[in-house]
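Student: A single structure is presented below for examination.
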Amino acid sequence: MVLRFVLWNLADSKTTIGELRRYLRDESVDQFAEVPGLRFKAWISDEATERWGAVYVWESTEAAEQAVPSRARELIGKDPDIGETFDVEATIEGKFAIEELSRRGLAFER
């Protein structure tokens, strides 16, 4: 398995966190639900520092290298400031009540 981490500083970008949240809700989350080899994706933000990014967990290196259905670069107006790929050494699922992780987070709170 492979983990990919990307992070943008939005201070000098063409968009805001609010606009990117709408993009997630209206478009991106549904598109990523269909990407083969993607085991998990979390979009992340920090409004105080104007940062936006994502963490992906891929089934394989080949899956991680495929083109993805994202307009983030277009909306933000630049490539990520940080883009790193790591091998996954181990995983664990916590002992919490089983709940669906899909479609959770600030983008879906109204």
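Residue numbering restarts at 1 in every chain; chains get A, B, ... in the order shown in the structure tokens, and ligands count up from 1 in that same order.
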Might you pull out every residue within 9 Å of Ser45 (chain A), with only C-alpha atoms counted and same-chain residues fewer than 5 positions away left off, and present them as number ranges by chain?
Tutor: A: 7, 17, 50-54
Student: How would the residues just chosen look if you wrote them out with N, CA and C atoms as a short mmCIF file (atom, residue, chain, number, x, y, z; two decimals), in the first residue's frame?
Tutor:
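Final file, again.cif:
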```
data_model
loop_
_atom_site.label_atom_id
_atom_site.label_comp_id
_atom_site.auth_asym_id
_atom_site.auth_seq_id
_atom_site.Cartn_x
_atom_site.Cartn_y
_atom_site.Cartn_z
N LEU A 7 -0.49 19.15 -0.08
CA LEU A 7 -0.88 20.30 0.73
C LEU A 7 -0.62 21.59 -0.04
N ILE A 17 -11.22 28.09 1.19
CA ILE A 17 -11.62 26.81 1.77
C ILE A 17 -13.12 26.60 1.60
N GLU A 50 -4.82 28.98 6.26
CA GLU A 50 -5.22 28.92 4.85
C GLU A 50 -4.54 27.77 4.10
N ARG A 51 -4.59 26.58 4.71
CA ARG A 51 -4.01 25.41 4.05
C ARG A 51 -5.09 24.40 3.72
N TRP A 52 -4.89 23.70 2.63
CA TRP A 52 -5.83 22.70 2.10
C TRP A 52 -5.03 21.54 1.55
N GLY A 53 -5.51 20.34 1.76
CA GLY A 53 -4.78 19.20 1.22
C GLY A 53 -5.59 17.93 1.26
N ALA A 54 -4.87 16.83 1.06
CA ALA A 54 -5.52 15.52 1.06
C ALA A 54 -4.52 14.44 1.43
#
```
Student: Find the residues near region 87-92 of chain A: any atom within 12 Å, counting only C-alpha atoms, skip ones fewer than 2 places away on the same chain, and give them as a PyMOL selection string.
Tutor: chain A and resi 1-5+39+56-61+64+84-85+94-96
Student: I want to know what sits within 8 Å of region 72-82 of chain A, based on only C-alpha atoms, with residues of the same chain fewer than 2 positions away left out; could you give that as a list in words?
Tutor: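 Final neighbour list, sorted by chain and number: Phe5, Val6, Leu7, Trp8, Asn9, Leu10, Ser13, Lys14, Thr15, Leu20, Ser70 and Glu84 of chain A.
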Student: Filtering to all heavy atoms, could you give me those residues as a CSV table (one decimal), in the first residue's frame?
Tutor:
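result32.csv, written as the output of this step:
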```csv
chain,number,residue,atom,x,y,z
A,5,PHE,N,0.4,12.3,0.2
A,5,PHE,CA,0.0,13.5,0.9
A,5,PHE,C,0.2,14.7,0.1
A,5,PHE,O,1.3,14.9,-0.5
A,5,PHE,CB,0.8,13.6,2.2
A,5,PHE,CG,0.7,14.9,3.0
A,5,PHE,CD1,-0.5,15.1,3.7
A,5,PHE,CD2,1.7,15.8,3.0
A,5,PHE,CE1,-0.6,16.3,4.4
A,5,PHE,CE2,1.6,17.0,3.7
A,5,PHE,CZ,0.4,17.2,4.4
A,6,VAL,N,-0.8,15.6,-0.1
A,6,VAL,CA,-0.6,16.8,-0.8
A,6,VAL,C,-1.1,18.0,0.0
A,6,VAL,O,-2.1,17.8,0.8
A,6,VAL,CB,-1.3,16.8,-2.2
A,6,VAL,CG1,-0.7,15.8,-3.1
A,6,VAL,CG2,-2.8,16.5,-2.1
A,7,LEU,N,-0.5,19.2,-0.1
A,7,LEU,CA,-0.9,20.3,0.7
A,7,LEU,C,-0.6,21.6,0.0
A,7,LEU,O,0.4,21.8,-0.6
A,7,LEU,CB,-0.1,20.3,2.0
A,7,LEU,CG,-0.5,21.4,3.1
A,7,LEU,CD1,-1.9,21.0,3.6
A,7,LEU,CD2,0.5,21.4,4.2
A,8,TRP,N,-1.6,22.5,0.0
A,8,TRP,CA,-1.5,23.8,-0.7
A,8,TRP,C,-1.6,24.9,0.4
A,8,TRP,O,-2.3,24.7,1.4
A,8,TRP,CB,-2.7,24.0,-1.6
A,8,TRP,CG,-2.7,23.4,-2.9
A,8,TRP,CD1,-2.2,23.9,-4.1
A,8,TRP,CD2,-3.3,22.1,-3.3
A,8,TRP,NE1,-2.4,23.0,-5.1
A,8,TRP,CE2,-3.1,21.9,-4.6
A,8,TRP,CE3,-3.9,21.1,-2.5
A,8,TRP,CZ2,-3.5,20.8,-5.3
A,8,TRP,CZ3,-4.4,20.0,-3.2
A,8,TRP,CH2,-4.2,19.8,-4.5
A,9,ASN,N,-0.9,26.0,0.2
A,9,ASN,CA,-1.1,27.2,0.9
A,9,ASN,C,-2.1,28.0,0.0
A,9,ASN,O,-1.7,28.4,-1.1
A,9,ASN,CB,0.2,27.9,1.1
A,9,ASN,CG,0.0,29.2,1.9
A,9,ASN,OD1,-1.1,29.8,1.9
A,9,ASN,ND2,1.1,29.6,2.6
A,10,LEU,N,-3.2,28.3,0.5
A,10,LEU,CA,-4.2,29.1,-0.3
A,10,LEU,C,-4.1,30.6,-0.2
A,10,LEU,O,-4.8,31.3,-0.9
A,10,LEU,CB,-5.7,28.7,0.1
A,10,LEU,CG,-6.0,27.2,0.0
A,10,LEU,CD1,-7.5,27.0,0.5
A,10,LEU,CD2,-5.9,26.7,-1.4
A,13,SER,N,-3.7,31.9,-3.6
A,13,SER,CA,-4.4,31.1,-4.6
A,13,SER,C,-5.7,31.8,-5.2
A,13,SER,O,-6.0,32.9,-4.8
A,13,SER,CB,-4.9,29.8,-4.0
A,13,SER,OG,-6.0,30.0,-3.2
A,14,LYS,N,-6.4,31.1,-6.1
A,14,LYS,CA,-7.6,31.7,-6.7
A,14,LYS,C,-8.9,31.3,-6.0
A,14,LYS,O,-9.9,31.6,-6.5
A,14,LYS,CB,-7.7,31.1,-8.2
A,14,LYS,CG,-6.5,31.5,-9.0
A,14,LYS,CD,-6.6,31.1,-10.5
A,14,LYS,CE,-7.5,29.9,-10.8
A,14,LYS,NZ,-7.5,29.5,-12.2
A,15,THR,N,-8.8,30.6,-4.9
A,15,THR,CA,-10.0,30.1,-4.2
A,15,THR,C,-9.9,30.2,-2.7
A,15,THR,O,-8.9,30.6,-2.2
A,15,THR,CB,-10.3,28.6,-4.7
A,15,THR,OG1,-11.6,28.3,-4.3
A,15,THR,CG2,-9.3,27.7,-4.1
A,20,LEU,N,-13.8,25.4,-1.9
A,20,LEU,CA,-13.3,24.0,-2.0
A,20,LEU,C,-14.2,23.0,-1.3
A,20,LEU,O,-14.5,21.9,-1.8
A,20,LEU,CB,-11.9,23.9,-1.5
A,20,LEU,CG,-10.9,24.6,-2.4
A,20,LEU,CD1,-9.5,24.7,-1.7
A,20,LEU,CD2,-10.7,23.9,-3.8
A,70,SER,N,-9.8,15.1,-10.4
A,70,SER,CA,-9.7,16.2,-9.5
A,70,SER,C,-9.5,17.5,-10.3
A,70,SER,O,-8.7,17.6,-11.2
A,70,SER,CB,-8.5,16.1,-8.5
A,70,SER,OG,-8.4,17.2,-7.7
A,84,GLU,N,4.0,14.4,-1.4
A,84,GLU,CA,4.9,13.3,-1.0
A,84,GLU,C,4.2,12.0,-1.1
A,84,GLU,O,3.0,11.9,-0.8
A,84,GLU,CB,5.4,13.6,0.4
A,84,GLU,CG,6.1,14.9,0.7
A,84,GLU,CD,7.5,14.8,0.1
A,84,GLU,OE1,8.1,13.8,-0.1
A,84,GLU,OE2,8.1,16.0,-0.1
```
Student: Enumerate, as a ChimeraX atom specification, the complete set of residues in chain A that a backbone-based DSSP assignment places in strand (DSSP E).
Tutor: /A:2-9,38-46,51-58,82-87
Student: Quick check, in Å to one decimal: how far apart do CA of Arg22 (chain A) and CA of Gly83 (chain A) lie?
Tutor: 23.0 Å
Student: Please determine, counting only C-alpha atoms, which residue among A:Glu100, A:Asp12, A:Phe108, A:Pro69 has the shortest atom-to-atom distance to Ala33 (chain A).
Tutor: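 Looking at the shortest contact to Ala33 (chain A), the residue is A:Pro69.
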Student: Can you work out which one of A:Ser102, A:Thr16, A:Thr49, A:Gln66 has the shortest atom-to-atom distance to Val29 (chain A), counting only C-alpha atoms?
Tutor: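 Looking at the shortest contact to Val29 (chain A), the residue is A:Ser102.
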Student: Would you compute the distance between CA of Val55 (chain A) and CA of Ala42 (chain A)? Give it in Å to one decimal.
Tutor: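 It comes out at 5.2 Å.
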Student: Could you tell me how far CA of Ala11 (chain A) sits from CA of Arg25 (chain A), in Å to one decimal place?
Tutor: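 Computing it gives 22.2 Å between the two atoms.
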Student: Could you check which of A:Gln31, A:Glu93, A:Leu106, A:Gly18 is closest to Arg71 (chain A), using only C-alpha atoms?
Tutor: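 Of A:Gln31, A:Glu93, A:Leu106, A:Gly18, the one nearest Arg71 (chain A) is A:Gln31, counting only C-alpha atoms.
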Student: Would you please work out which residue, of A:Trp43, A:Glu34, A:Ala63, A:Ala48, is nearest to Gly105 (chain A) when using only C-alpha atoms?
Tutor: A:Trp43
Student: Please list as number ranges by chain every residue within 12 Å of Ala67 (chain A), counting only C-alpha atoms and excluding residues in the same chain fewer than 5 positions away.
Tutor: A: 32, 35-38, 62
